[in-house]
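**Student:** Encoded as structure tokens, here's the structure I'll be asking about.
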Amino acid sequence: MTYRVGRGQVLRALDGVSLAVRPGEVLGLVGESGCGKSTLGRCLLRLVQPSSGRVVFDGTDITTLPERRLRPLRQDMQMVFQDSYAALNPRRRVGDLIAEPLRVHPAPGGGRRSRADIAARLAELMDLVGLPQAALERYPHEFSGGQRQRINIARALALSPRLVVADEPVAALDVSIQAQIVNLFMDLRDRLGLTYVFVAHDLAVVRQISTRVAVMYLGAIVELGEADAVLHHPAHPYTAALIAAVPEPVVRKEGLPPPLRGDVPSPIAPPPGCRFHTRCPVVRDRCRVDPPVLHALADGREVVCHYPLAGE
Amino acid sequence: MVMSVLRRLGQTLFVLFGISVLVFLVFFATPGADPTARIAGRNASPETMARVRVEYGFDRPLPVQYARMMEKLFVTRDLTSYVNRGQKVVPEILEAAPVTVSLVSGAALIWVVLSVAMGMTAAALRGGWVDRGLMMLGLVGISIPVFWLGQVVNLVTQSRYHDSWLFSWVPGLGYVPLTEDPLGWFRALVLPWLTLAVLFVGIYSRVLRADLVAVQSEDFMRTARAKGLSPVRVLLVHGLRTSMITFVSLFGLDFAQLVGGGALLTEVVFGLQGVGRLTYQALSNLDLPLIMATVMYSAVFVVIANAVVDMLYLFLDPRVRDGR
Amino acid sequence: MLLAVRDLTVALPIGGRLVPIVESVSFTLGAREILGIVGESGSGKSVTSLAVMGLIDVPGARVSGSVRFRGRELVGLAPRAYRALRGREIAMIFQDPMTAFTPVYTVGRQIDEQIRAHQKISRTDARARTVRLLGDMGVPDPERVAGRHPHQLSGGLRQRAMIAMALSCNPALLIADEPTTALDVTVQAQILDLLRGLRREYGSSVLLITHDMGVVAETCDRTLVLYSGLVAERGPTGALFAQPGHPYTAALLDSIPPLHGPRPARLPSIPGSPPAPAERPAGCPFAPRCVYVQDSCAVRPPLVACGEQDVACVLPAEGRPLPPRFVSEMRA
């Protein structure tokens with residue numbers, strides 16, 4: 001799947017992003033607020049129309065596909081959102097909410113699904129996400145945040161999609177619950193052979209679940225590669241700073257590294273040259289004028305930096 | 001800031017132009033009806049008809065008719081009512097306008113002051129008997145019909161108890177111009193002011209209380225208290241200004257529609273020759289030029305008031321200034 | 001001792017009856033110390049901090065126990081006396097600096113306001129101090145920032161301004177309620193750095209409320225772990241993270257995905273979710289989710305010493321403390 005997007009008039013939420021999601025992998029998208037990771041996630045499912053570029057899903061260019069022809073493909077691509085409560089209509093029972101996509105989309109052989117088929121599928125989904133069957137008769141507000149996220153996952157899985165884009169699915173959850181949901185995502189991938197694009201700001205969560213990681217800054221990918229390579233030996237100074245800034249639940253004797261200075265610049269007027277040069281601790285003159293391009297390093301990962309820290 | 005004000009002014013002028021065209025079209029370009037006959041009035045003689053047709057250019061294309069009409073309204077101001085024996089329309093409105101503006105401005109001052117005081121008190125003492133009492137009072141104010149209240153006030157002050165020491169100062173019904181006799185103006189209007197204000201005091205105090213109570217749970221109100229500010233200061237400085245948005249919007253609309261003729265009932269009850277009453281007369285006589293003129297007049301007020309409200313927003317909320 | 005909280009209980013009326021949100025919480029905070037209060041949502045950590053500030057204003061709420069600040073009892077203090085204390089001797093910063101500033105006034109004006117609420121100084125002097133404070137907090141071009149409205153600043157600048165406001169009257173105690181939760185990690189690191197420096201530069205003690213064990217580990221001298229409105233464990237941060245005494249603390253630490261070292265195939269998670277205050281079990285509140293649960297957990301365990309910590313669990317009392325935590329120290 002190739003993907004390219006960019007050129008908004010005022011604000012380029014994404015600027016010339018290219019990446020491929022391989023079948024069966026978990027691609028983590030990390031970055032700070034405003035880096036465009038959520039926009040990218042939504043572009044993949046065409047919930048946001050890119051102003052230019054292409055999104056190709058399984059050989060079909062879906063960027064300009066009319067909605068009517070996109071609909072059959074939508075069964076294969078589903079999304080899970082951060083706010084588990086806002087994503088669920090509070091006035092409808094959980095069973096109805098999960099059954100909705102089953103009622104709207106035709107059965108695999110064509111035609112509508114029968115009532116019995118839907119009931120059987122609902123029971124199956126409840127088992128998959130670890131909720132009791134009785135949950136189907138209750139309303140969203142009767143559940144805790146973690147359980148509601150399970151409901152959202154069940155709904156996303158109702159049509160047996162192949163690709164699931166999860167946008168900060170555990171960001172609003174407490175740590176102990178977050179671990180349950182991360183495990184659930186991993187179990188479901190193993191059992192159903194799913195492909196995920198996992199959008200999150202939490203590096204540790206992304207490392208736990210991802211096979212590959214794309215680090216984003218100001219609407220562009222700055223580093224892309226195998227999760228362990230990127231997070232253990234970051235090549236881009238931004239990735240390194242991001243990792244260093246994560247507070248870890250370990251009391252260390254030695255002092256903490258000095259934090260990155262300054263704020264993320266406004267995406268409306270990104271800095272010239274390398275986007276990161278205003279905050280980069282190892283900036284050199286060339287970075288201020290000459291924008292680096294994404295290029296592969298010896299170990300196969302890709303980075304947008306003139307002077308990568310590792311991988312060569 | 002200056003740019004946004006100028007832009008808003010431009011928009012206002014454009015809207016006014018649009019309204020004038022619309023009003024003109026509705027009154028004079030309705031298909032199948034001869035505007036000449038409607039202007040000339042019922043049972044007009046053929047000579048009158050002919051004169052009207054030439055005077056208003058009804059034998060010419062529509063844009064010319066529109067220009068002629070606007071000229072008569074704003075430049076020569078000699079739009080004439082044929083129903084009402086050749087009365088000039090524009091001076092009639094200009095004569096009625098000060099009465100209405102006096103009535104509505106005084107009432108507005110009273111309702112704003114009273115409703116802010118009531119709303120703030122109720123919000124500060126939320127849940128207590130004072131709060132419940134004030135809000136009940138507001139509800140009573142909303143439910144009293146203004147014409148009934150006016151009649152009762154007149155009954156009490158003009159006839160039944162007029163001779164008692166309490167109401168002997170009340171003058172007879174009617175208007176006294178401010179320029180002639182300020183005290184007389186005040187005495188003539190104070191009861192109409194209060195009567196008209198009652199309904200709005202009820203509405204506005206309840207709206208303000210609701211907004212203030214809603215703002216109480218905002219984070220910045222907690223911050224203000226954490227700073228060690230007194231409850232009064234927290235409510236006045238941090239709460240009131242942020243809860244004025246609904247209040248100001250409502251006020252702009254209500255004030256404009258009242259000045260534009262919406263105070264009809266109060267004007268009639270207290271014998272004030274205002275715009276509302278003029279409109280009412282025009283409608284019952286089917287006096288087309290007068291109707292059009294009053295409609296234009298009230299539209300002007302509503303549009304201007306809206307523009308003023310928008311400017312107030314700019315002042316009240318800096319986020320609006322930045323277009324956020 | 002700057003602050004001594006003993007048996008603090010806060011009960012709020014829920015569904016017609018008083019439900020204790022926070023029960024018998026006790027802790028102390030010394031001068032120039034940073035104490036972290038950690039817990040998940042609903043653990044009562046924010047309610048605890050608001051109770052110390054005297055800002056619980058729910059009608060019918062009951063605050064009991066003792067909060068002593070510099071030897072002075074704060075529970076039941078007259079509102080006027082409390083007001084003189086708030087903002088001057090105890091200041092507070094909040095989670096979301098966007099909503100915590102009044103949107104219609106400039107940041108500088110709001111800081112001036114706090115200074116002038118507690119000291120008789122002129123507008124110009126107050127503004128001069130505001131600008132100096134902003135500069136001290138690492139705000140570039142502080143004069144200009146003081147004249148800006150909250151929405152015109154970035155999240156990091158807003159939080160710096162918030163901290164400047166809290167420090168404007170040189171308080172002895174700063175309560176920071178999730179001060180970095182709304183911020184990005186790189187900005188969070190800056191703000192935590194700033195908070196750590198406060199005791200050096202201003203001699204302030206900090207009560208840091210957070211849900212993030214990482215923030216606690218990097219910032220606090222001592223830690224108090226709350227679970228469902230009760231103290232689960234408290235003690236020096238180093239000891240608590242090296243060998244947690246309460247199964248909840250241990251499980252919470254385990255459930256955080258590691259950033260370094262080998263990846264676990266599955267994250268150790270805690271089954272179920274914390275009980276609502278009204279449904280809190282009579283015994284140990286963590287018992288229904290605890291892997292070590294046994295019969296004696298049906299009685300609420302008191303805090304007992306366990307190593308350097310105090311732990312509300314029957315295991316140390318029975319001489320079966322938890323093992324030290326395995327931490328991989330691989331860092332890039």
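Ligands are numbered from 1 in the order shown, chains are lettered A, B, ... in the order of the structure tokens, and residues start at 1 in each chain.
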Leaving out Val264 (chain A) and any residue of its chain fewer than 3 positions from it, which residues lie within 12 Å of it when counting only C-alpha atoms, given as a tab-separated table (two decimals) with N, CA and C atoms, in the first residue's frame?

**Tutor:**
chain	number	residue	atom	x	y	z
A	31	GLY	N	4.40	10.06	17.83
A	31	GLY	CA	4.76	11.46	17.68
A	31	GLY	C	3.95	12.28	18.67
A	32	GLU	N	4.32	13.54	18.79
A	32	GLU	CA	3.63	14.41	19.73
A	32	GLU	C	2.41	15.02	19.07
A	33	SER	N	1.59	15.73	19.88
A	33	SER	CA	0.36	16.28	19.33
A	33	SER	C	0.70	17.22	18.17
A	34	GLY	N	-0.12	17.17	17.14
A	34	GLY	CA	0.10	18.02	15.98
A	34	GLY	C	1.08	17.46	14.97
A	35	CYS	N	1.57	16.23	15.19
A	35	CYS	CA	2.54	15.69	14.24
A	35	CYS	C	1.84	15.08	13.04
A	216	MET	N	6.81	10.39	13.77
A	216	MET	CA	6.38	11.56	12.99
A	216	MET	C	6.66	12.85	13.74
A	217	TYR	N	6.99	13.88	12.98
A	217	TYR	CA	7.23	15.20	13.56
A	217	TYR	C	6.71	16.24	12.57
A	218	LEU	N	5.83	17.11	13.03
A	218	LEU	CA	5.33	18.21	12.20
A	218	LEU	C	4.83	17.75	10.83
A	219	GLY	N	4.00	16.73	10.81
A	219	GLY	CA	3.36	16.33	9.57
A	219	GLY	C	4.20	15.48	8.65
A	238	TYR	N	15.42	13.36	16.82
A	238	TYR	CA	14.11	13.56	17.44
A	238	TYR	C	13.65	12.27	18.13
A	260	LEU	N	14.69	18.27	25.85
A	260	LEU	CA	14.67	19.01	24.59
A	260	LEU	C	14.12	20.41	24.86
A	261	ARG	N	14.73	21.42	24.25
A	261	ARG	CA	14.26	22.77	24.51
A	261	ARG	C	13.14	23.16	23.55
A	267	PRO	N	2.61	24.19	12.67
A	267	PRO	CA	2.60	23.51	11.37
A	267	PRO	C	2.17	24.45	10.24
A	268	ILE	N	1.63	25.61	10.58
A	268	ILE	CA	1.23	26.55	9.53
A	268	ILE	C	2.47	27.14	8.86
A	269	ALA	N	3.53	27.32	9.66
A	269	ALA	CA	4.77	27.84	9.09
A	269	ALA	C	5.94	26.98	9.57
A	270	PRO	N	6.07	25.77	9.02
A	270	PRO	CA	7.16	24.91	9.47
A	270	PRO	C	8.51	25.52	9.13
A	271	PRO	N	9.53	25.25	9.96
A	271	PRO	CA	10.84	25.86	9.71
A	271	PRO	C	11.44	25.39	8.38
A	275	ARG	N	12.89	20.07	9.42
A	275	ARG	CA	11.81	20.56	10.27
A	275	ARG	C	12.21	20.61	11.74
A	276	PHE	N	13.14	19.74	12.12
A	276	PHE	CA	13.47	19.58	13.52
A	276	PHE	C	14.63	20.49	13.94
A	277	HIS	N	15.20	21.25	12.99
A	277	HIS	CA	16.47	21.91	13.33
A	277	HIS	C	16.36	22.92	14.47
A	278	THR	N	15.13	23.49	14.67
A	278	THR	CA	14.99	24.50	15.72
A	278	THR	C	15.18	23.90	17.11
A	279	ARG	N	14.96	22.59	17.25
A	279	ARG	CA	15.06	21.99	18.58
A	279	ARG	C	16.17	20.94	18.66
A	280	CYS	N	16.84	20.70	17.55
A	280	CYS	CA	17.76	19.57	17.48
A	280	CYS	C	19.02	19.84	18.31
C	153	LEU	N	-1.02	30.98	23.60
C	153	LEU	CA	0.24	30.37	24.01
C	153	LEU	C	0.21	28.86	23.76
C	154	SER	N	1.41	28.27	23.65
C	154	SER	CA	1.48	26.81	23.52
C	154	SER	C	1.24	26.19	24.89
C	155	GLY	N	0.96	24.88	24.88
C	155	GLY	CA	0.68	24.18	26.13
C	155	GLY	C	1.81	24.31	27.14
C	156	GLY	N	3.04	24.19	26.66
C	156	GLY	CA	4.18	24.27	27.56
C	156	GLY	C	4.31	25.66	28.19
C	157	LEU	N	4.12	26.69	27.37
C	157	LEU	CA	4.21	28.07	27.88
C	157	LEU	C	3.09	28.33	28.89
C	183	LEU	N	0.32	17.52	28.50
C	183	LEU	CA	1.44	17.99	27.69
C	183	LEU	C	2.11	16.83	26.94
C	184	ASP	N	2.83	17.17	25.89
C	184	ASP	CA	3.61	16.17	25.17
C	184	ASP	C	4.83	15.78	25.98
C	185	VAL	N	5.39	14.58	25.69
C	185	VAL	CA	6.49	14.10	26.53
C	185	VAL	C	7.69	15.02	26.55
C	186	THR	N	8.07	15.60	25.42
C	186	THR	CA	9.27	16.44	25.46
C	186	THR	C	9.02	17.68	26.30
C	187	VAL	N	7.78	18.20	26.26
C	187	VAL	CA	7.44	19.36	27.08
C	187	VAL	C	7.28	18.93	28.54

**Student:** Please return, as a ChimeraX atom specification, all residues of chain C lying within 9 Å of chain A when only C-alpha atoms are considered.

**Tutor:** /C:40-41,154-157,183-190,193,211-218,237-239,241-242,251-261,263-273,327,329,331-332

**Student:** Given the selection you just returned, output its residues as a file containing N, CA and C atoms, formatted as a compact mmCIF listing (two decimals), in the first residue's frame.

**Tutor:**
# COMPACT_ATOMS: atom_id res chain seq x y z
N GLU C 40 -4.82 5.48 40.19
CA GLU C 40 -5.56 5.51 38.93
C GLU C 40 -6.75 6.43 39.09
N SER C 41 -7.51 6.63 38.02
CA SER C 41 -8.66 7.52 38.13
C SER C 41 -9.63 6.93 39.16
N SER C 154 1.41 28.27 23.65
CA SER C 154 1.48 26.81 23.52
C SER C 154 1.24 26.19 24.89
N GLY C 155 0.96 24.88 24.88
CA GLY C 155 0.68 24.18 26.13
C GLY C 155 1.81 24.31 27.14
N GLY C 156 3.04 24.19 26.66
CA GLY C 156 4.18 24.27 27.56
C GLY C 156 4.31 25.66 28.19
N LEU C 157 4.12 26.69 27.37
CA LEU C 157 4.21 28.07 27.88
C LEU C 157 3.09 28.33 28.89
N LEU C 183 0.32 17.52 28.50
CA LEU C 183 1.44 17.99 27.69
C LEU C 183 2.11 16.83 26.94
N ASP C 184 2.83 17.17 25.89
CA ASP C 184 3.61 16.17 25.17
C ASP C 184 4.83 15.78 25.98
N VAL C 185 5.39 14.58 25.69
CA VAL C 185 6.49 14.10 26.53
C VAL C 185 7.69 15.02 26.55
N THR C 186 8.07 15.60 25.42
CA THR C 186 9.27 16.44 25.46
C THR C 186 9.02 17.68 26.30
N VAL C 187 7.78 18.20 26.26
CA VAL C 187 7.44 19.36 27.08
C VAL C 187 7.28 18.93 28.54
N GLN C 188 6.74 17.73 28.74
CA GLN C 188 6.61 17.19 30.09
C GLN C 188 7.97 17.13 30.77
N ALA C 189 8.96 16.69 30.03
CA ALA C 189 10.31 16.59 30.59
C ALA C 189 10.79 17.97 31.04
N GLN C 190 10.48 18.99 30.24
CA GLN C 190 10.88 20.35 30.62
C GLN C 190 10.20 20.79 31.91
N ASP C 193 11.49 19.01 34.96
CA ASP C 193 12.79 19.60 35.26
C ASP C 193 12.60 20.88 36.09
N HIS C 211 -0.93 10.10 37.79
CA HIS C 211 -1.28 8.70 37.57
C HIS C 211 -0.07 7.97 36.98
N ASP C 212 1.01 8.72 36.70
CA ASP C 212 2.11 8.19 35.91
C ASP C 212 3.26 7.78 36.83
N MET C 213 3.49 6.47 36.94
CA MET C 213 4.55 5.96 37.81
C MET C 213 5.92 6.47 37.36
N GLY C 214 6.06 6.68 36.05
CA GLY C 214 7.32 7.18 35.53
C GLY C 214 7.62 8.58 36.03
N VAL C 215 6.60 9.42 36.05
CA VAL C 215 6.76 10.79 36.54
C VAL C 215 7.17 10.77 38.01
N VAL C 216 6.54 9.90 38.78
CA VAL C 216 6.87 9.79 40.20
C VAL C 216 8.32 9.37 40.37
N ALA C 217 8.72 8.33 39.64
CA ALA C 217 10.06 7.79 39.80
C ALA C 217 11.11 8.85 39.51
N GLU C 218 10.83 9.70 38.55
CA GLU C 218 11.83 10.68 38.15
C GLU C 218 11.79 11.96 38.96
N THR C 237 10.72 6.86 47.51
CA THR C 237 10.47 6.43 46.14
C THR C 237 11.42 5.32 45.70
N GLY C 238 12.70 5.45 46.04
CA GLY C 238 13.67 4.45 45.62
C GLY C 238 13.31 3.06 46.13
N ALA C 239 13.02 2.97 47.43
CA ALA C 239 12.68 1.68 48.01
C ALA C 239 11.39 1.13 47.45
N PHE C 241 10.00 1.63 44.58
CA PHE C 241 10.09 1.12 43.21
C PHE C 241 10.99 -0.11 43.12
N ALA C 242 11.95 -0.22 44.04
CA ALA C 242 12.85 -1.37 44.00
C ALA C 242 12.18 -2.62 44.55
N ALA C 251 1.83 -4.87 41.00
CA ALA C 251 1.09 -5.19 39.77
C ALA C 251 1.01 -3.98 38.85
N LEU C 252 0.84 -2.80 39.45
CA LEU C 252 0.75 -1.58 38.66
C LEU C 252 2.06 -1.35 37.90
N LEU C 253 3.18 -1.54 38.61
CA LEU C 253 4.48 -1.35 37.97
C LEU C 253 4.69 -2.38 36.86
N ASP C 254 4.25 -3.61 37.13
CA ASP C 254 4.44 -4.66 36.12
C ASP C 254 3.62 -4.40 34.87
N SER C 255 2.48 -3.74 35.03
CA SER C 255 1.59 -3.60 33.87
C SER C 255 2.04 -2.48 32.92
N ILE C 256 3.07 -1.75 33.31
CA ILE C 256 3.58 -0.71 32.42
C ILE C 256 4.50 -1.35 31.39
N PRO C 257 4.23 -1.20 30.10
CA PRO C 257 5.13 -1.81 29.12
C PRO C 257 6.52 -1.19 29.23
N PRO C 258 7.56 -2.02 29.24
CA PRO C 258 8.92 -1.48 29.38
C PRO C 258 9.39 -0.84 28.08
N LEU C 259 10.20 0.18 28.21
CA LEU C 259 10.72 0.86 27.02
C LEU C 259 12.06 0.26 26.62
N HIS C 260 12.71 -0.45 27.57
CA HIS C 260 14.02 -1.03 27.31
C HIS C 260 13.99 -2.51 27.66
N GLY C 261 15.00 -3.21 27.21
CA GLY C 261 15.11 -4.63 27.53
C GLY C 261 14.15 -5.45 26.69
N ARG C 263 11.02 -7.50 25.23
CA ARG C 263 9.59 -7.25 25.27
C ARG C 263 8.88 -8.46 25.83
N PRO C 264 8.01 -8.28 26.82
CA PRO C 264 7.23 -9.43 27.29
C PRO C 264 6.22 -9.84 26.22
N ALA C 265 5.98 -11.16 26.12
CA ALA C 265 5.01 -11.62 25.13
C ALA C 265 3.62 -11.09 25.48
N ARG C 266 3.34 -11.09 26.75
CA ARG C 266 2.09 -10.49 27.23
C ARG C 266 2.41 -9.54 28.37
N LEU C 267 1.66 -8.47 28.48
CA LEU C 267 1.87 -7.58 29.61
C LEU C 267 1.15 -8.17 30.82
N PRO C 268 1.82 -8.21 31.97
CA PRO C 268 1.09 -8.63 33.17
C PRO C 268 0.03 -7.57 33.47
N SER C 269 -1.23 -7.94 33.41
CA SER C 269 -2.26 -6.93 33.66
C SER C 269 -3.01 -7.29 34.92
N ILE C 270 -3.74 -6.31 35.45
CA ILE C 270 -4.55 -6.57 36.64
C ILE C 270 -5.97 -6.83 36.15
N PRO C 271 -6.55 -7.97 36.45
CA PRO C 271 -7.90 -8.25 35.97
C PRO C 271 -8.91 -7.31 36.62
N GLY C 272 -10.03 -7.13 35.95
CA GLY C 272 -11.11 -6.32 36.52
C GLY C 272 -10.77 -4.85 36.56
N SER C 273 -11.56 -4.09 37.32
CA SER C 273 -11.28 -2.66 37.45
C SER C 273 -11.56 -2.23 38.89
N VAL C 327 14.16 -5.38 37.43
CA VAL C 327 14.20 -4.24 36.51
C VAL C 327 15.39 -4.39 35.59
N GLU C 329 18.09 -2.94 33.45
CA GLU C 329 18.73 -1.62 33.45
C GLU C 329 19.39 -1.31 32.12
N ARG C 331 19.83 0.63 29.08
CA ARG C 331 19.42 1.92 28.50
C ARG C 331 20.31 2.27 27.33
N ALA C 332 19.72 2.82 26.36
CA ALA C 332 20.49 3.17 25.16
C ALA C 332 21.50 4.24 25.49

**Student:** How far is it from CA of Pro277 (chain C) to CA of Arg222 (chain C), in Å with one decimal?

**Tutor:** 25.8 Å

**Student:** Quick one: everything within 9 Å of Met120 (chain B), counting only C-alpha atoms, minus sequence neighbours fewer than 6 positions away in the same chain. Send it as a list in words.

**Tutor:**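 Contacts, in chain order: Ser205, Leu208, Arg209, Leu212, Leu235, Leu236 and Leu240 of chain B.
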
**Student:** Could you pull the residues within 12 Å of Leu19 (chain A), counting only C-alpha atoms, minus those fewer than 6 positions along the same chain, as an NGL selection string?

**Tutor:** :A and (1-5 or 27-29 or 40-41 or 44 or 53-56 or 197 or 212-216 or 220-225 or 294 or 302)

**Student:** Taking the chain letters and numbering used in this document, name the residues of region 17-97 of chain A that DSSP puts in helix (DSSP H, G or I), as a PyMOL selection string.

**Tutor:** chain A and resi 37-44+67-74+94-97

**Student:** Excluding Leu163 (chain A) and its own-chain neighbours fewer than 4 positions away, which residues fall within 7 Å of it when counting only C-alpha atoms? Please give them as number ranges by chain.

**Tutor:** A: 76-78, 194-196

**Student:** Those selected residues, please, written with all heavy atoms and delivered as a compact mmCIF listing (two decimals), in the first residue's frame.

**Tutor:**
# COMPACT_ATOMS: atom_id res chain seq x y z
N ASP A 76 -13.32 -4.24 5.04
CA ASP A 76 -11.99 -4.76 5.29
C ASP A 76 -11.14 -3.82 6.14
O ASP A 76 -10.05 -4.18 6.56
CB ASP A 76 -11.26 -4.99 3.95
CG ASP A 76 -11.77 -6.26 3.28
OD1 ASP A 76 -12.29 -7.12 4.01
OD2 ASP A 76 -11.67 -6.36 2.06
N MET A 77 -11.59 -2.58 6.31
CA MET A 77 -10.79 -1.62 7.06
C MET A 77 -11.67 -0.99 8.12
O MET A 77 -12.70 -0.40 7.82
CB MET A 77 -10.28 -0.51 6.14
CG MET A 77 -10.29 -0.80 4.67
SD MET A 77 -9.60 0.58 3.77
CE MET A 77 -11.05 1.29 3.04
N GLN A 78 -11.27 -1.11 9.37
CA GLN A 78 -12.07 -0.57 10.45
C GLN A 78 -11.20 0.28 11.36
O GLN A 78 -9.98 0.21 11.30
CB GLN A 78 -12.71 -1.70 11.26
CG GLN A 78 -13.79 -2.45 10.50
CD GLN A 78 -15.03 -1.59 10.26
OE1 GLN A 78 -15.40 -0.74 11.07
NE2 GLN A 78 -15.66 -1.79 9.11
N LEU A 194 -4.83 -10.26 11.94
CA LEU A 194 -5.14 -8.87 11.57
C LEU A 194 -3.87 -8.09 11.26
O LEU A 194 -2.77 -8.47 11.66
CB LEU A 194 -5.86 -8.17 12.73
CG LEU A 194 -7.24 -8.70 13.07
CD1 LEU A 194 -7.70 -8.13 14.39
CD2 LEU A 194 -8.21 -8.30 11.97
N THR A 195 -4.04 -6.99 10.54
CA THR A 195 -2.98 -6.02 10.34
C THR A 195 -3.42 -4.75 11.06
O THR A 195 -4.57 -4.32 10.93
CB THR A 195 -2.81 -5.71 8.84
OG1 THR A 195 -2.56 -6.94 8.16
CG2 THR A 195 -1.67 -4.74 8.61
N TYR A 196 -2.51 -4.18 11.87
CA TYR A 196 -2.88 -2.96 12.59
C TYR A 196 -2.03 -1.78 12.14
O TYR A 196 -0.84 -1.93 11.88
CB TYR A 196 -2.61 -3.08 14.09
CG TYR A 196 -3.45 -4.06 14.86
CD1 TYR A 196 -2.87 -4.85 15.84
CD2 TYR A 196 -4.81 -4.17 14.65
CE1 TYR A 196 -3.62 -5.74 16.59
CE2 TYR A 196 -5.57 -5.06 15.38
CZ TYR A 196 -4.97 -5.84 16.35
OH TYR A 196 -5.71 -6.71 17.09
